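Chemist: My structure is stored as data15.cif, with mmCIF, C-alpha atoms.
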```
data_run
loop_
_atom_site.label_atom_id
_atom_site.label_comp_id
_atom_site.auth_asym_id
_atom_site.auth_seq_id
_atom_site.Cartn_x
_atom_site.Cartn_y
_atom_site.Cartn_z
CA MET S 1 0.00 0.00 0.00
CA THR S 2 1.29 3.44 -0.79
CA SER S 3 0.47 6.93 0.36
CA THR S 4 0.21 10.32 -1.31
CA VAL S 5 1.74 13.20 0.55
CA LYS S 6 -0.35 16.29 -0.11
CA SER S 7 1.88 18.64 1.83
CA SER S 8 5.03 18.72 3.91
CA TRP S 9 2.96 19.19 7.06
CA SER S 10 4.72 16.47 9.06
CA ARG S 11 8.06 18.20 8.94
CA THR S 12 7.09 21.80 8.39
CA ARG S 13 4.66 21.79 11.30
CA HIS S 14 7.42 20.39 13.48
CA ARG S 15 10.25 22.55 12.24
CA GLY S 16 8.51 25.75 11.15
CA ALA S 17 7.86 26.26 7.46
CA ALA S 18 7.46 30.02 7.26
CA ALA S 19 10.32 31.88 5.68
CA VAL S 20 12.44 33.51 8.35
CA ALA S 21 13.20 37.21 8.11
CA LEU S 22 16.87 37.83 7.55
CA ALA S 23 17.32 39.92 10.65
CA VAL S 24 15.76 37.22 12.81
CA VAL S 25 17.97 34.56 11.25
CA ALA S 26 21.09 36.59 11.94
CA ALA S 27 20.04 36.88 15.56
CA LEU S 28 19.45 33.16 15.81
CA VAL S 29 22.95 32.37 14.63
CA ALA S 30 24.47 34.16 17.58
CA GLY S 31 23.02 31.46 19.80
CA CYS S 32 23.82 28.51 17.56
CA GLY S 33 25.06 25.36 19.26
CA SER S 34 27.63 24.39 16.63
CA SER S 35 31.16 25.21 17.72
CA SER S 36 32.88 24.92 14.35
CA ASP S 37 35.72 27.43 14.16
CA ASP S 38 35.07 27.77 10.42
CA GLU S 39 31.50 29.03 10.70
CA SER S 40 30.57 32.45 9.40
CA ASP S 41 29.26 35.18 11.72
CA ASN S 42 26.26 35.65 9.43
CA PRO S 43 24.71 32.65 7.66
CA LEU S 44 23.20 34.93 5.02
CA SER S 45 26.35 36.89 4.21
CA GLU S 46 26.58 37.77 0.54
CA GLY S 47 28.67 35.85 -1.94
CA LYS S 48 30.18 32.41 -2.17
CA ALA S 49 33.20 31.13 -0.26
CA ASP S 50 36.60 31.86 -1.72
CA GLY S 51 38.61 29.31 -3.69
CA ASP S 52 37.76 25.66 -3.14
CA THR S 53 35.88 26.14 0.14
CA VAL S 54 32.67 24.14 0.44
CA VAL S 55 29.93 26.00 2.31
CA VAL S 56 27.79 23.66 4.41
CA GLY S 57 24.49 25.10 5.64
CA SER S 58 21.77 23.92 8.01
CA ASN S 59 18.18 24.75 8.83
CA ASN S 60 17.13 26.26 12.13
CA PHE S 61 16.74 23.16 14.31
CA ALA S 62 19.18 21.08 16.31
CA GLU S 63 19.20 17.94 14.17
CA SER S 64 19.96 19.86 10.97
CA ILE S 65 22.91 21.58 12.65
CA LEU S 66 24.22 18.23 13.85
CA LEU S 67 23.87 16.68 10.39
CA ALA S 68 25.65 19.64 8.80
CA ASP S 69 28.54 19.12 11.21
CA ILE S 70 28.65 15.40 10.39
CA TYR S 71 28.73 15.94 6.63
CA GLY S 72 31.08 18.92 6.92
CA GLU S 73 33.60 17.11 9.07
CA ALA S 74 33.56 14.17 6.65
CA LEU S 75 34.56 16.60 3.91
CA LYS S 76 37.33 18.01 6.09
CA ALA S 77 38.64 14.48 6.63
CA LYS S 78 39.28 14.36 2.87
CA GLY S 79 41.27 17.59 3.02
CA ILE S 80 38.43 19.73 1.71
CA LYS S 81 38.15 23.22 3.18
CA VAL S 82 34.74 23.76 4.80
CA GLU S 83 32.86 26.84 5.95
CA TYR S 84 29.73 26.41 8.06
CA LYS S 85 26.61 28.56 7.78
CA PRO S 86 24.43 27.05 10.51
CA ASN S 87 20.90 27.71 11.73
CA ILE S 88 19.88 29.64 8.62
CA GLY S 89 16.13 29.20 8.64
CA SER S 90 13.44 27.16 6.93
CA ARG S 91 13.45 25.41 3.57
CA GLU S 92 12.03 28.49 1.84
CA THR S 93 15.23 30.33 2.74
CA THR S 94 17.85 27.60 2.34
CA TYR S 95 16.59 26.40 -1.04
CA GLY S 96 17.11 29.86 -2.47
CA LEU S 97 20.62 30.07 -1.04
CA LEU S 98 21.47 26.73 -2.64
CA LYS S 99 20.18 27.88 -6.02
CA ASN S 100 22.43 30.95 -6.00
CA GLY S 101 25.43 29.02 -4.71
CA SER S 102 25.69 30.81 -1.36
CA ILE S 103 25.73 27.36 0.22
CA ALA S 104 26.90 24.18 -1.48
CA VAL S 105 25.69 21.42 0.85
CA LEU S 106 22.52 21.16 2.95
CA PRO S 107 21.23 18.12 4.85
CA GLU S 108 17.68 17.57 3.61
CA TYR S 109 14.86 15.04 4.01
CA ASN S 110 13.82 13.52 0.69
CA GLY S 111 10.05 13.16 1.13
CA SER S 112 9.68 16.54 2.79
CA LEU S 113 11.69 18.18 0.02
CA LEU S 114 9.51 16.52 -2.62
CA ALA S 115 6.36 17.73 -0.85
CA TYR S 116 7.83 21.26 -0.95
CA LEU S 117 8.67 21.02 -4.66
CA ASP S 118 5.48 19.18 -5.66
CA PRO S 119 2.77 18.90 -3.00
CA ASP S 120 0.77 16.43 -5.12
CA ALA S 121 3.59 13.97 -5.80
CA GLU S 122 3.06 10.35 -4.75
CA GLN S 123 5.66 8.75 -2.51
CA LYS S 124 5.83 5.04 -3.25
CA SER S 125 9.45 4.31 -2.28
CA ALA S 126 12.58 6.16 -1.22
CA GLU S 127 14.04 5.57 -4.67
CA SER S 128 11.02 6.94 -6.52
CA VAL S 129 10.93 9.92 -4.17
CA ASN S 130 14.55 10.74 -4.95
CA ALA S 131 13.94 10.38 -8.67
CA ALA S 132 10.96 12.72 -8.43
CA VAL S 133 12.96 15.25 -6.43
CA LYS S 134 15.74 15.26 -9.01
CA SER S 135 13.21 15.89 -11.78
CA LYS S 136 11.84 18.91 -9.91
CA LEU S 137 15.09 20.44 -8.68
CA ASP S 138 16.64 23.57 -10.07
CA SER S 139 19.14 22.52 -12.77
CA LYS S 140 22.06 23.77 -10.67
CA LEU S 141 21.23 21.38 -7.84
CA THR S 142 21.37 17.64 -7.31
CA LEU S 143 20.40 15.16 -4.62
CA LEU S 144 22.99 12.68 -3.33
CA GLU S 145 22.35 9.21 -1.94
CA SER S 146 19.87 8.92 0.93
CA ALA S 147 20.74 7.61 4.35
CA PRO S 148 18.60 4.87 5.90
CA ALA S 149 18.06 7.38 8.74
CA GLU S 150 14.61 8.97 8.76
CA ASP S 151 13.04 11.65 10.93
CA LYS S 152 9.30 11.36 10.36
CA ASP S 153 5.96 10.88 12.07
CA SER S 154 5.32 7.64 13.90
CA VAL S 155 2.82 6.08 16.24
CA SER S 156 4.75 5.47 19.43
CA ILE S 157 3.53 3.92 22.66
CA ASN S 158 4.77 4.44 26.19
CA ALA S 159 6.74 1.87 28.15
CA GLU S 160 3.77 0.93 30.34
CA THR S 161 1.59 0.14 27.33
CA ALA S 162 4.37 -1.74 25.57
CA LYS S 163 4.88 -3.95 28.63
CA LYS S 164 1.15 -4.53 29.11
CA TYR S 165 0.63 -5.73 25.53
CA ASP S 166 4.07 -7.25 24.94
CA LEU S 167 4.99 -4.82 22.16
CA THR S 168 8.59 -4.21 21.09
CA ALA S 169 10.53 -2.15 18.56
CA GLN S 170 9.88 -4.97 16.08
CA SER S 171 6.10 -4.66 16.49
CA THR S 172 4.12 -3.03 13.69
CA LEU S 173 1.04 -0.85 13.55
CA ALA S 174 -0.91 -3.93 12.52
CA ASP S 175 -0.20 -5.38 15.97
CA LEU S 176 -2.44 -2.67 17.46
CA LYS S 177 -5.58 -3.78 15.64
CA ASP S 178 -7.07 -5.80 18.49
CA ILE S 179 -5.96 -3.48 21.29
CA ALA S 180 -6.51 -0.05 19.69
CA PRO S 181 -10.10 0.15 21.07
CA GLU S 182 -8.53 0.19 24.56
CA LEU S 183 -6.07 2.99 23.78
CA VAL S 184 -6.27 6.78 23.71
CA ILE S 185 -4.09 8.27 20.98
CA GLY S 186 -2.77 11.83 20.95
CA GLY S 187 -1.39 14.23 18.39
CA SER S 188 -1.92 17.58 16.75
CA PRO S 189 -5.52 18.50 15.87
CA GLU S 190 -4.67 17.87 12.19
CA PHE S 191 -3.65 14.30 13.00
CA GLN S 192 -7.30 13.46 13.59
CA THR S 193 -8.35 14.29 10.03
CA ARG S 194 -5.24 13.61 7.91
CA HIS S 195 -4.57 10.52 5.86
CA GLN S 196 -1.17 10.55 7.54
CA GLY S 197 -3.06 10.28 10.83
CA LEU S 198 -6.20 8.61 12.14
CA VAL S 199 -7.84 8.39 8.71
CA GLY S 200 -4.91 6.46 7.25
CA LEU S 201 -4.40 4.36 10.38
CA GLU S 202 -7.95 3.08 10.03
CA LYS S 203 -7.83 2.68 6.26
CA GLU S 204 -4.40 1.06 6.01
CA TYR S 205 -4.23 -0.89 9.29
CA GLY S 206 -7.83 -1.14 10.49
CA LEU S 207 -7.08 0.76 13.70
CA LYS S 208 -9.99 2.26 15.65
CA PHE S 209 -8.85 3.87 18.87
CA LYS S 210 -10.88 4.39 22.04
CA SER S 211 -10.54 8.17 21.61
CA PHE S 212 -8.31 10.95 20.30
CA LYS S 213 -6.75 13.69 22.42
CA ALA S 214 -5.77 16.89 20.61
CA LEU S 215 -2.31 18.00 21.75
CA ASP S 216 0.57 19.60 19.84
CA ALA S 217 2.66 18.51 16.86
CA GLY S 218 4.97 15.98 18.45
CA GLY S 219 6.02 18.60 20.99
CA PRO S 220 6.09 18.89 24.79
CA LEU S 221 2.33 18.44 25.29
CA THR S 222 2.32 15.20 23.33
CA GLN S 223 5.51 13.97 24.99
CA ALA S 224 4.17 14.74 28.47
CA ALA S 225 0.79 13.11 27.81
CA LEU S 226 2.47 9.92 26.59
CA THR S 227 4.90 9.91 29.52
CA LYS S 228 2.09 10.38 32.06
CA ASN S 229 -0.10 7.77 30.32
CA THR S 230 -2.81 10.35 29.64
CA VAL S 231 -2.55 8.87 26.16
CA GLN S 232 -1.13 5.44 25.49
CA ALA S 233 -0.13 6.10 21.85
CA ALA S 234 0.91 9.31 20.13
CA ASP S 235 2.37 10.90 17.03
CA ILE S 236 6.09 11.23 17.88
CA PHE S 237 8.93 11.97 15.46
CA THR S 238 11.26 9.02 14.99
CA THR S 239 14.45 10.79 16.11
CA ASP S 240 12.89 12.65 19.05
CA PRO S 241 15.27 12.19 22.02
CA THR S 242 12.23 11.74 24.28
CA ILE S 243 11.98 8.24 22.80
CA THR S 244 15.29 7.39 24.44
CA LYS S 245 14.62 9.26 27.67
CA GLU S 246 11.16 7.83 28.32
CA LYS S 247 11.67 4.43 26.66
CA PHE S 248 8.86 4.94 24.16
CA VAL S 249 8.40 2.18 21.59
CA VAL S 250 8.14 3.29 17.95
CA LEU S 251 5.89 0.94 16.00
CA GLN S 252 7.00 -0.10 12.53
CA ASP S 253 5.03 1.20 9.53
CA PRO S 254 5.45 -1.46 6.80
CA LYS S 255 2.83 0.18 4.55
CA ASN S 256 4.70 3.51 4.64
CA LEU S 257 1.64 5.43 5.74
CA PHE S 258 3.88 8.21 6.99
CA GLY S 259 5.83 8.49 3.75
CA PHE S 260 9.57 8.98 3.54
CA ALA S 261 11.91 11.39 5.28
CA ASN S 262 15.38 9.98 4.65
CA VAL S 263 18.31 12.23 5.44
CA THR S 264 19.73 13.21 2.05
CA PRO S 265 22.34 15.85 1.16
CA LEU S 266 21.17 18.48 -1.32
CA VAL S 267 24.10 19.90 -3.27
CA TYR S 268 24.97 22.84 -5.50
CA LYS S 269 26.56 20.90 -8.37
CA SER S 270 29.52 23.15 -9.14
CA GLY S 271 30.30 23.64 -5.46
CA LEU S 272 31.40 20.09 -4.68
CA SER S 273 33.99 17.79 -6.25
CA GLN S 274 33.49 14.09 -6.95
CA GLU S 275 35.72 13.36 -3.95
CA GLY S 276 33.36 15.43 -1.83
CA ILE S 277 30.31 13.66 -3.23
CA ASP S 278 31.87 10.28 -2.44
CA ALA S 279 32.63 11.42 1.11
CA LEU S 280 29.03 12.49 1.74
CA ASN S 281 27.62 9.30 0.25
CA ALA S 282 29.92 7.28 2.53
CA VAL S 283 28.44 9.09 5.54
CA SER S 284 24.86 8.47 4.41
CA ALA S 285 25.56 4.76 3.94
CA LYS S 286 26.38 4.40 7.64
CA LEU S 287 23.69 6.65 9.14
CA ASP S 288 20.52 4.86 10.24
CA THR S 289 17.58 6.05 12.32
CA LYS S 290 18.76 4.37 15.54
CA THR S 291 22.16 6.05 15.19
CA LEU S 292 20.65 9.46 14.46
CA LEU S 293 18.35 9.13 17.48
CA ASP S 294 21.38 8.38 19.66
CA LEU S 295 23.34 11.32 18.26
CA ASP S 296 20.35 13.65 18.70
CA SER S 297 20.00 12.46 22.29
CA GLN S 298 23.63 13.28 23.03
CA VAL S 299 23.12 16.82 21.77
CA GLN S 300 19.64 17.53 23.09
CA LEU S 301 19.57 15.53 26.33
CA GLU S 302 23.24 15.48 27.36
CA ASN S 303 23.96 18.99 26.05
CA LYS S 304 27.04 17.89 24.12
CA ASP S 305 28.40 20.15 21.41
CA PRO S 306 27.09 18.90 18.03
CA LEU S 307 30.51 19.31 16.45
CA ASP S 308 32.10 17.08 19.11
CA VAL S 309 29.33 14.51 18.65
CA ALA S 310 29.82 14.60 14.88
CA LYS S 311 33.58 14.09 15.13
CA ALA S 312 33.25 11.23 17.62
CA TRP S 313 30.73 9.38 15.47
CA LEU S 314 32.75 9.81 12.28
CA LYS S 315 35.77 8.40 14.09
CA SER S 316 33.74 5.44 15.37
CA VAL S 317 32.76 4.47 11.80
CA GLY S 318 36.17 5.12 10.25
CA LEU S 319 35.23 8.28 8.35
CA ASN S 320 37.36 10.78 10.22
#
```
Let's see the structure in the file written out as structure tokens.
Modeler:
Amino acid sequence: MTSTVKSSWSRTRHRGAAAVALAVVAALVAGCGSSSDDESDNPLSEGKADGDTVVVGSNNFAESILLADIYGEALKAKGIKVEYKPNIGSRETTYGLLKNGSIAVLPEYNGSLLAYLDPDAEQKSAESVNAAVKSKLDSKLTLLESAPAEDKDSVSINAETAKKYDLTAQSTLADLKDIAPELVIGGSPEFQTRHQGLVGLEKEYGLKFKSFKALDAGGPLTQAALTKNTVQAADIFTTDPTITKEKFVVLQDPKNLFGFANVTPLVYKSGLSQEGIDALNAVSAKLDTKTLLDLDSQVQLENKDPLDVAKAWLKSVGLN
């Protein structure tokens, strides 16, 4: 079974889709968590980097900054000079900067990018999503290989519920069919009426829950309700560090109801050599969702510097 993503709501509602005013973005950068000594004071400074410098940008959320550090440090390991422009803003801003060459590399999410470029595009597989993205991209840009790592919507259950019904990380949404009538599920108000929500859960998996509790979009209200067992299941993003902290169980989605959101570098073609492309693809090959969740948890729960976390992981997989 496949799904059609009508908008990039799952990521944009979580990350903020509105274009960020340049003055606000500049202010955000001052508080950025990345400690790279190559980063620019202003992520939106005019012009491209000098010489053979590769400019690596990131959107304005912690995971994007971490991923930029990971990909950037992998380039440095190949002797490539890197400049960081972190915490720039939303996709509306960063896509334009890629098109004009102000940044050369940006960690993206394939399904979310496709929904931005073509809201009506079907998402049948990661491969078809990438092909569709490439067909819609500006001619100066290209998409590299996707990582197995995804940051997308999921139905997650709390530890108490998982123990009660003997559910594990290998359990699927289909395993909820008989017990869903006993469970309260929570999420954003939109989750109640979206195909990528209760409508699709019933249509694709036959799930009919006891009730729905309107909360926020995978944020603190949803996390708290699931932790306190006010709801037993909820829409939680798959690399949310709360999963680790509270021992939530993310249920597998074999029918891909929630589409695709594989981490995938988006590149300004003339800004990166073949050696650089190979280095980024090597990173993606080793980055899975479990690993990304762990790295996010180190940054967001343990307050580690994302650059230090990036370097340590690259070393652990032999890419430093």
Chemist: Please write as JSON, numbers by chain the full residue list that the PyMOL selection byres ((chain S and resi 55) around 6) yields on this file.
Modeler: {"S": [54, 56, 82, 83, 84, 103, 104]}
Chemist: When you draw a straight line from CA of Arg91 in chain S to CA of Lys269 in chain S, how long is it in Å?
Modeler: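 Interatomic distance, CA of Arg91 in chain S to CA of Lys269 in chain S: 18.3 Å.
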Chemist: Please, what distance in Å, to one decimal, runs between CA of Gly271 in chain S and CA of Thr289 in chain S?
Modeler: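 Here the two named atoms are 28.1 Å from each other.
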Chemist: Can you work out the spacing between CA of Pro306 in chain S and CA of Ala74 in chain S in Å, to one decimal?
Modeler: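 If I compute the distance from CA of Pro306 in chain S to CA of Ala74 in chain S, I get 13.9 Å.
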Chemist: Exactly which residues make up the result of the PyMOL selection byres ((chain S and resi 139) around 12) on this file, given as a PyMOL selection string?
Modeler: chain S and resi 98-100+133-138+140-143+267-270
Chemist: Between S:Pro181, S:Gly259, S:Pro254, S:Pro86, single out the one closest to Gln196 in chain S, counting only C-alpha atoms.
Modeler: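 Under the stated criterion, the closest residue is S:Gly259.
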Chemist: Report the residues retrieved by the PyMOL selection byres ((chain S and resi 64) around 10) from the displayed file, expressed as a list of chain:residue names.
Modeler: S:Gly57, S:Ser58, S:Asn59, S:Asn60, S:Phe61, S:Ala62, S:Glu63, S:Ile65, S:Leu66, S:Leu67, S:Ala68, S:Asp69, S:Ile70, S:Pro86, S:Asn87, S:Leu106, S:Pro107, S:Glu108, S:Tyr109, S:Val263, S:Asp296
Chemist: Write out as a VMD selection string the residues lying within 9 Å of Gly276 in chain S, counting only C-alpha atoms and excluding same-chain residues fewer than 3 positions away.
Modeler: chain S and resid 74 to 75 78 80 272 to 273 279 to 281
Chemist: Grab the residues selected above and save them as a PDB file, in the coordinates of the input with C-alpha atoms.
Modeler:
```
ATOM      1  CA  ALA S  74      33.560  14.170   6.650  1.00  0.00           C
ATOM      2  CA  LEU S  75      34.560  16.600   3.910  1.00  0.00           C
ATOM      3  CA  LYS S  78      39.280  14.360   2.870  1.00  0.00           C
ATOM      4  CA  ILE S  80      38.430  19.730   1.710  1.00  0.00           C
ATOM      5  CA  LEU S 272      31.400  20.090  -4.680  1.00  0.00           C
ATOM      6  CA  SER S 273      33.990  17.790  -6.250  1.00  0.00           C
ATOM      7  CA  ALA S 279      32.630  11.420   1.110  1.00  0.00           C
ATOM      8  CA  LEU S 280      29.030  12.490   1.740  1.00  0.00           C
ATOM      9  CA  ASN S 281      27.620   9.300   0.250  1.00  0.00           C
TER      10      ASN S 281
END
```
Chemist: Mind dumping a table of every range 67-169 of chain S residue within 12 Å of range 211-223 of chain S, with the nearest atom pair and its distance in Å to one decimal, using all atoms listed in the file, sorted by chain and rising number, as JSON lines?
Modeler:
```
{"residue": "S:Asp151", "atom": "CA", "partner": "S:Gly218", "partner_atom": "CA", "distance": 11.9}
{"residue": "S:Lys152", "atom": "CA", "partner": "S:Gly218", "partner_atom": "CA", "distance": 10.3}
{"residue": "S:Asp153", "atom": "CA", "partner": "S:Gly218", "partner_atom": "CA", "distance": 8.2}
{"residue": "S:Ser154", "atom": "CA", "partner": "S:Gly218", "partner_atom": "CA", "distance": 9.5}
{"residue": "S:Val155", "atom": "CA", "partner": "S:Gly218", "partner_atom": "CA", "distance": 10.4}
{"residue": "S:Ser156", "atom": "CA", "partner": "S:Gln223", "partner_atom": "CA", "distance": 10.2}
{"residue": "S:Ile157", "atom": "CA", "partner": "S:Gln223", "partner_atom": "CA", "distance": 10.5}
{"residue": "S:Asn158", "atom": "CA", "partner": "S:Gln223", "partner_atom": "CA", "distance": 9.6}
```
Chemist: Please provide as a list of chain:residue names all residues within 12 Å of Ala224 in chain S, with the sequence filter that same-chain residues fewer than 6 positions apart are discarded (counting only C-alpha atoms).
Modeler: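 Everything that qualifies: S:Asn158, S:Gly186, S:Gly187, S:Leu215, S:Asp216, S:Gly218, S:Thr230, S:Val231, S:Gln232, S:Ala233, S:Ala234, S:Ile236, S:Thr242, S:Ile243, S:Lys245, S:Glu246, S:Phe248.
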Chemist: Would you export the selected residues with C-alpha atoms as a PDB file, keeping the file's coordinate frame, please?
Modeler:
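Listed below is the output, result37.pdb:
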```pdb
ATOM      1  CA  ASN S 158       4.770   4.440  26.190  1.00  0.00           C
ATOM      2  CA  GLY S 186      -2.770  11.830  20.950  1.00  0.00           C
ATOM      3  CA  GLY S 187      -1.390  14.230  18.390  1.00  0.00           C
ATOM      4  CA  LEU S 215      -2.310  18.000  21.750  1.00  0.00           C
ATOM      5  CA  ASP S 216       0.570  19.600  19.840  1.00  0.00           C
ATOM      6  CA  GLY S 218       4.970  15.980  18.450  1.00  0.00           C
ATOM      7  CA  THR S 230      -2.810  10.350  29.640  1.00  0.00           C
ATOM      8  CA  VAL S 231      -2.550   8.870  26.160  1.00  0.00           C
ATOM      9  CA  GLN S 232      -1.130   5.440  25.490  1.00  0.00           C
ATOM     10  CA  ALA S 233      -0.130   6.100  21.850  1.00  0.00           C
ATOM     11  CA  ALA S 234       0.910   9.310  20.130  1.00  0.00           C
ATOM     12  CA  ILE S 236       6.090  11.230  17.880  1.00  0.00           C
ATOM     13  CA  THR S 242      12.230  11.740  24.280  1.00  0.00           C
ATOM     14  CA  ILE S 243      11.980   8.240  22.800  1.00  0.00           C
ATOM     15  CA  LYS S 245      14.620   9.260  27.670  1.00  0.00           C
ATOM     16  CA  GLU S 246      11.160   7.830  28.320  1.00  0.00           C
ATOM     17  CA  PHE S 248       8.860   4.940  24.160  1.00  0.00           C
TER      18      PHE S 248
END
```
Chemist: Just want the 7 Å neighbourhood of Lys208 in chain S, counted on all atoms listed in the file, with same-chain residues fewer than 2 positions away dropped. Output as a CSV table (one decimal) with C-alpha atoms, in the frame of the given file.
Modeler:
```
chain,number,residue,atom,x,y,z
S,180,ALA,CA,-6.5,0.0,19.7
S,181,PRO,CA,-10.1,0.2,21.1
S,202,GLU,CA,-8.0,3.1,10.0
S,206,GLY,CA,-7.8,-1.1,10.5
S,210,LYS,CA,-10.9,4.4,22.0
```
Chemist: Measuring between all atoms listed in the file, which one of S:Asp240, S:Glu73, S:Glu190, S:Asp52 shows the shortest distance to Ser297 in chain S?
Modeler: S:Asp240
Chemist: Calculated over only C-alpha atoms, which of the candidates S:Phe260, S:Lys177, S:Thr53, S:Ile88 has the smallest distance to Lys76 in chain S?
Modeler: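 Answer, going by the shortest atom-to-atom distance: S:Thr53.
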